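See below for input01.cif, which holds mmCIF, C-alpha atoms.
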```
data_upload
loop_
_atom_site.group_PDB
_atom_site.id
_atom_site.type_symbol
_atom_site.label_atom_id
_atom_site.label_comp_id
_atom_site.auth_asym_id
_atom_site.auth_seq_id
_atom_site.Cartn_x
_atom_site.Cartn_y
_atom_site.Cartn_z
ATOM 1 C CA MET A 1 0.000 0.000 0.000
ATOM 2 C CA PHE A 2 1.147 3.554 -0.626
ATOM 3 C CA LEU A 3 0.601 6.726 1.386
ATOM 4 C CA ILE A 4 -0.925 9.987 0.161
ATOM 5 C CA SER A 5 0.222 13.482 1.096
ATOM 6 C CA ASP A 6 -2.323 16.125 2.070
ATOM 7 C CA ALA A 7 -1.599 18.000 -1.178
ATOM 8 C CA ALA A 8 -2.310 14.902 -3.294
ATOM 9 C CA THR A 9 -5.445 14.125 -1.291
ATOM 10 C CA GLN A 10 -6.782 17.644 -1.853
ATOM 11 C CA GLU A 11 -6.020 17.544 -5.591
ATOM 12 C CA ILE A 12 -7.680 14.142 -6.069
ATOM 13 C CA GLN A 13 -10.726 15.307 -4.099
ATOM 14 C CA ARG A 14 -10.867 18.391 -6.348
ATOM 15 C CA LEU A 15 -10.657 16.224 -9.484
ATOM 16 C CA MET A 16 -13.430 13.985 -8.176
ATOM 17 C CA ALA A 17 -15.655 16.928 -7.253
ATOM 18 C CA GLU A 18 -15.199 18.423 -10.736
ATOM 19 C CA SER A 19 -15.935 15.132 -12.478
ATOM 20 C CA GLU A 20 -19.439 14.176 -13.486
ATOM 21 C CA CYS A 21 -19.006 10.717 -11.939
ATOM 22 C CA LEU A 22 -21.684 9.543 -9.536
ATOM 23 C CA GLU A 23 -19.279 7.120 -7.821
ATOM 24 C CA PRO A 24 -15.809 8.486 -8.618
ATOM 25 C CA VAL A 25 -12.745 6.271 -8.419
ATOM 26 C CA ALA A 26 -9.161 7.449 -8.967
ATOM 27 C CA SER A 27 -6.715 5.598 -11.194
ATOM 28 C CA PHE A 28 -3.170 6.198 -12.394
ATOM 29 C CA GLY A 29 -1.944 6.838 -15.905
ATOM 30 C CA GLN A 30 0.525 8.942 -17.824
ATOM 31 C CA ARG A 31 0.271 12.319 -19.413
ATOM 32 C CA SER A 32 2.617 13.952 -21.869
ATOM 33 C CA LYS A 33 3.304 17.576 -22.611
ATOM 34 C CA SER A 34 3.830 16.690 -26.264
ATOM 35 C CA SER A 35 2.589 18.968 -29.002
ATOM 36 C CA LEU A 36 -0.697 18.755 -30.850
ATOM 37 C CA ALA A 37 -1.165 16.877 -34.103
ATOM 38 C CA SER A 38 0.582 18.391 -37.125
ATOM 39 C CA LYS A 39 -1.333 19.875 -40.044
ATOM 40 C CA ARG A 40 -0.397 16.934 -42.266
ATOM 41 C CA MET A 41 -1.663 14.491 -39.603
ATOM 42 C CA ILE A 42 -4.946 16.387 -39.304
ATOM 43 C CA LYS A 43 -5.310 16.330 -43.107
ATOM 44 C CA ALA A 44 -4.698 12.558 -43.210
ATOM 45 C CA ILE A 45 -7.267 12.036 -40.449
ATOM 46 C CA GLU A 46 -9.839 14.204 -42.238
ATOM 47 C CA GLU A 47 -9.264 12.237 -45.451
ATOM 48 C CA GLY A 48 -9.543 8.952 -43.580
ATOM 49 C CA ASP A 49 -6.229 7.725 -45.013
ATOM 50 C CA ALA A 50 -5.211 5.045 -42.505
ATOM 51 C CA LYS A 51 -1.916 4.269 -44.249
ATOM 52 C CA ALA A 52 -0.899 7.940 -44.258
ATOM 53 C CA ILE A 53 -1.924 8.326 -40.603
ATOM 54 C CA PHE A 54 0.297 5.394 -39.609
ATOM 55 C CA THR A 55 3.238 6.623 -41.726
ATOM 56 C CA ILE A 56 2.989 10.184 -40.400
ATOM 57 C CA ALA A 57 2.618 8.981 -36.813
ATOM 58 C CA LYS A 58 5.804 6.896 -37.106
ATOM 59 C CA GLN A 59 7.730 9.803 -38.660
ATOM 60 C CA GLU A 60 6.538 12.351 -36.120
ATOM 61 C CA TYR A 61 7.181 10.013 -33.196
ATOM 62 C CA ALA A 62 10.766 9.502 -34.410
ATOM 63 C CA GLU A 63 11.201 13.295 -34.557
ATOM 64 C CA ILE A 64 9.861 14.053 -31.058
ATOM 65 C CA GLN A 65 10.583 10.807 -29.184
ATOM 66 C CA HIS A 66 13.511 12.282 -27.243
ATOM 67 C CA ASP A 67 11.428 15.303 -26.199
ATOM 68 C CA LEU A 68 8.460 13.395 -24.809
ATOM 69 C CA ASP A 69 8.014 14.105 -21.132
ATOM 70 C CA PHE A 70 5.634 11.577 -19.626
ATOM 71 C CA GLN A 71 4.287 12.398 -16.185
ATOM 72 C CA LEU A 72 2.231 10.541 -13.636
ATOM 73 C CA ALA A 73 -1.432 11.478 -13.833
ATOM 74 C CA VAL A 74 -4.519 10.685 -11.783
ATOM 75 C CA PHE A 75 -7.725 10.143 -13.708
ATOM 76 C CA VAL A 76 -11.277 9.838 -12.399
ATOM 77 C CA HIS A 77 -13.645 7.094 -13.564
ATOM 78 C CA GLU A 78 -17.005 5.676 -12.581
ATOM 79 C CA ARG A 79 -16.751 2.865 -10.058
ATOM 80 C CA ALA A 80 -18.879 0.668 -12.326
ATOM 81 C CA GLU A 81 -16.128 0.801 -15.004
ATOM 82 C CA CYS A 82 -13.596 -0.846 -12.677
ATOM 83 C CA LEU A 83 -12.907 -4.443 -11.737
ATOM 84 C CA ALA A 84 -13.963 -5.042 -8.139
ATOM 85 C CA SER A 85 -10.655 -6.853 -7.487
ATOM 86 C CA ASN A 86 -8.742 -3.643 -8.374
ATOM 87 C CA LEU A 87 -10.608 -1.379 -5.940
ATOM 88 C CA CYS A 88 -8.978 -0.261 -2.712
ATOM 89 C CA SER A 89 -9.477 2.644 -0.330
ATOM 90 C CA ILE A 90 -6.496 4.715 0.758
ATOM 91 C CA ALA A 91 -6.867 7.794 2.952
ATOM 92 C CA GLY A 92 -10.608 7.771 2.280
ATOM 93 C CA ILE A 93 -10.156 7.827 -1.511
ATOM 94 C CA GLU A 94 -11.197 4.867 -3.620
ATOM 95 C CA PHE A 95 -8.593 3.815 -6.179
ATOM 96 C CA ASN A 96 -8.615 1.446 -9.135
ATOM 97 C CA VAL A 97 -5.158 -0.163 -8.906
ATOM 98 C CA PRO A 98 -4.238 -3.691 -10.034
ATOM 99 C CA LEU A 99 -2.577 -5.705 -7.262
ATOM 100 C CA PRO A 100 0.878 -5.952 -8.961
ATOM 101 C CA LEU A 101 1.008 -2.161 -9.300
ATOM 102 C CA LEU A 102 -0.231 -1.702 -5.738
ATOM 103 C CA LYS A 103 2.605 -3.946 -4.531
ATOM 104 C CA ALA A 104 5.139 -1.921 -6.560
ATOM 105 C CA MET A 105 3.943 1.242 -4.776
ATOM 106 C CA ALA A 106 4.531 -0.155 -1.267
ATOM 107 C CA GLY A 107 6.422 2.317 0.877
ATOM 108 C CA LEU A 108 5.923 5.220 -1.546
ATOM 109 C CA THR A 109 3.987 8.430 -0.965
ATOM 110 C CA LEU A 110 1.813 9.981 -3.661
ATOM 111 C CA ASP A 111 2.434 13.726 -3.638
ATOM 112 C CA HIS A 112 1.237 16.705 -5.682
ATOM 113 C CA GLY A 113 3.020 19.975 -6.376
ATOM 114 C CA MET A 114 3.758 22.499 -9.096
ATOM 115 C CA ASP A 115 4.872 19.736 -11.487
ATOM 116 C CA GLY A 116 1.827 17.551 -10.869
ATOM 117 C CA PHE A 117 1.630 14.129 -9.232
ATOM 118 C CA VAL A 118 4.760 12.222 -8.225
ATOM 119 C CA PHE A 119 5.643 9.245 -6.077
ATOM 120 C CA ARG A 120 8.261 9.875 -3.419
ATOM 121 C CA ALA A 121 10.466 7.410 -1.576
ATOM 122 C CA LYS A 122 10.939 7.677 2.187
ATOM 123 C CA ASP A 123 13.972 9.928 1.596
ATOM 124 C CA GLY A 124 11.824 12.353 -0.454
ATOM 125 C CA SER A 125 13.352 11.465 -3.836
ATOM 126 C CA ILE A 126 11.015 11.106 -6.803
ATOM 127 C CA VAL A 127 10.458 7.526 -7.908
ATOM 128 C CA SER A 128 9.262 6.264 -11.284
ATOM 129 C CA LEU A 129 6.862 3.342 -11.147
ATOM 130 C CA ALA A 130 8.738 1.790 -14.077
ATOM 131 C CA GLN A 131 11.935 1.848 -11.992
ATOM 132 C CA GLN A 132 10.037 0.479 -9.016
ATOM 133 C CA ARG A 133 8.756 -2.539 -10.973
ATOM 134 C CA GLU A 134 12.229 -3.249 -12.411
ATOM 135 C CA GLY A 135 13.942 -3.053 -9.007
#
```
Could you show the structure in this file as structure tokens?
Amino acid sequence: MFLISDAATQEIQRLMAESECLEPVASFGQRSKSSLASKRMIKAIEEGDAKAIFTIAKQEYAEIQHDLDFQLAVFVHERAECLASNLCSIAGIEFNVPLPLLKAMAGLTLDHGMDGFVFRAKDGSIVSLAQQREG
């Protein structure tokens, strides 16, 4: 199980209050600050050209891959959309977290600040869940 800072608790409660969910549940994902679709991608989408969309996507990904900055995000969903086995309550907030991921988060604290959500180790350092699962 992981812990939640007061700042993260307040932000998740705000997200839940702003959602239109009747029974809100928090889950984790990733967000990127990457740019919007290019004009040529939009044109290919409008024309419905699946081959061009795939080709452009591969080319544009190769161009921006090194600049992608993925960040931890918390999303809000309806409880009914979640598997019952993935639901757990932490600090009064219901989360949708698969057991293997929940185990990987043991000993971490979910925090929220100017840069968004992060997991922190006991020493305060920021921890990536990918690193946590590898280690």
For Gly92 of chain A, work out the shell of residues within 12 Å, counting all atoms listed in the file and skipping chain neighbours fewer than 6 positions away, then give it as a ChimeraX atom specification.
-> /A:3-4,6,9-10,12-13,25-26
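Atom to atom, atom CA of Ser19 of chain A and atom CA of Leu110 of chain A stand 20.5 Å apart.
Every protein, DNA or RNA residue with an atom at most 12 Å from Asp123 of chain A, where only C-alpha atoms count and chain neighbours fewer than 3 positions away do not, is listed here: A:Gly107, A:Leu108, A:Thr109, A:Phe119, A:Arg120, A:Ile126, A:Val127.
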Top pick for closest residue to Phe117 of chain A, considering A:Arg79, A:Ile93, A:Thr55, A:Gln71 and counting all atoms listed in the file =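 Ranking A:Arg79, A:Ile93, A:Thr55, A:Gln71 by distance to Phe117 of chain A, first place goes to A:Gln71.
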What are the centre and edge lengths in Å, to one decimal, of the axis-aligned box around all listed atoms of segment 106-112 of chain A with 5 Å added on each side, as JSON?
```
{"center_x": 3.8, "center_y": 8.3, "center_z": -2.4, "size_x": 15.2, "size_y": 26.9, "size_z": 16.6}
```
Name the closest residue to Glu78 of chain A among the candidates A:Ala50, A:Ala104, A:Arg14, A:Cys21; distances are taken between atoms, counting all atoms listed in the file.
-> A:Cys21
Straight-line distance linking atom CA of Ser27 of chain A with atom CA of His77 of chain A, stated in Å to one decimal |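 Straight-line distance from atom CA of Ser27 of chain A to atom CA of His77 of chain A works out to 7.5 Å.
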Distance of atom CA of Met105 of chain A from atom CA of Phe2 of chain A, expressed in Å to one decimal place |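 Computing the Euclidean distance for atom CA of Phe2 of chain A and atom CA of Met105 of chain A yields 5.5 Å.
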Step by step, work through what the PyMOL selection byres ((chain A and resi 97) around 8) selects in the shown file, and finish by giving those residues as an MDAnalysis selection string.
-> chainID A and resid 27:28 86:88 95:96 98:99 101:102
May I ask which of the residues A:Met41, A:Gly116, A:Ala121, A:Gln30 is the closest one to Phe75 of chain A, counting all atoms listed in the file?
->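 Using all atoms listed in the file, Phe75 of chain A sits closest to A:Gln30.
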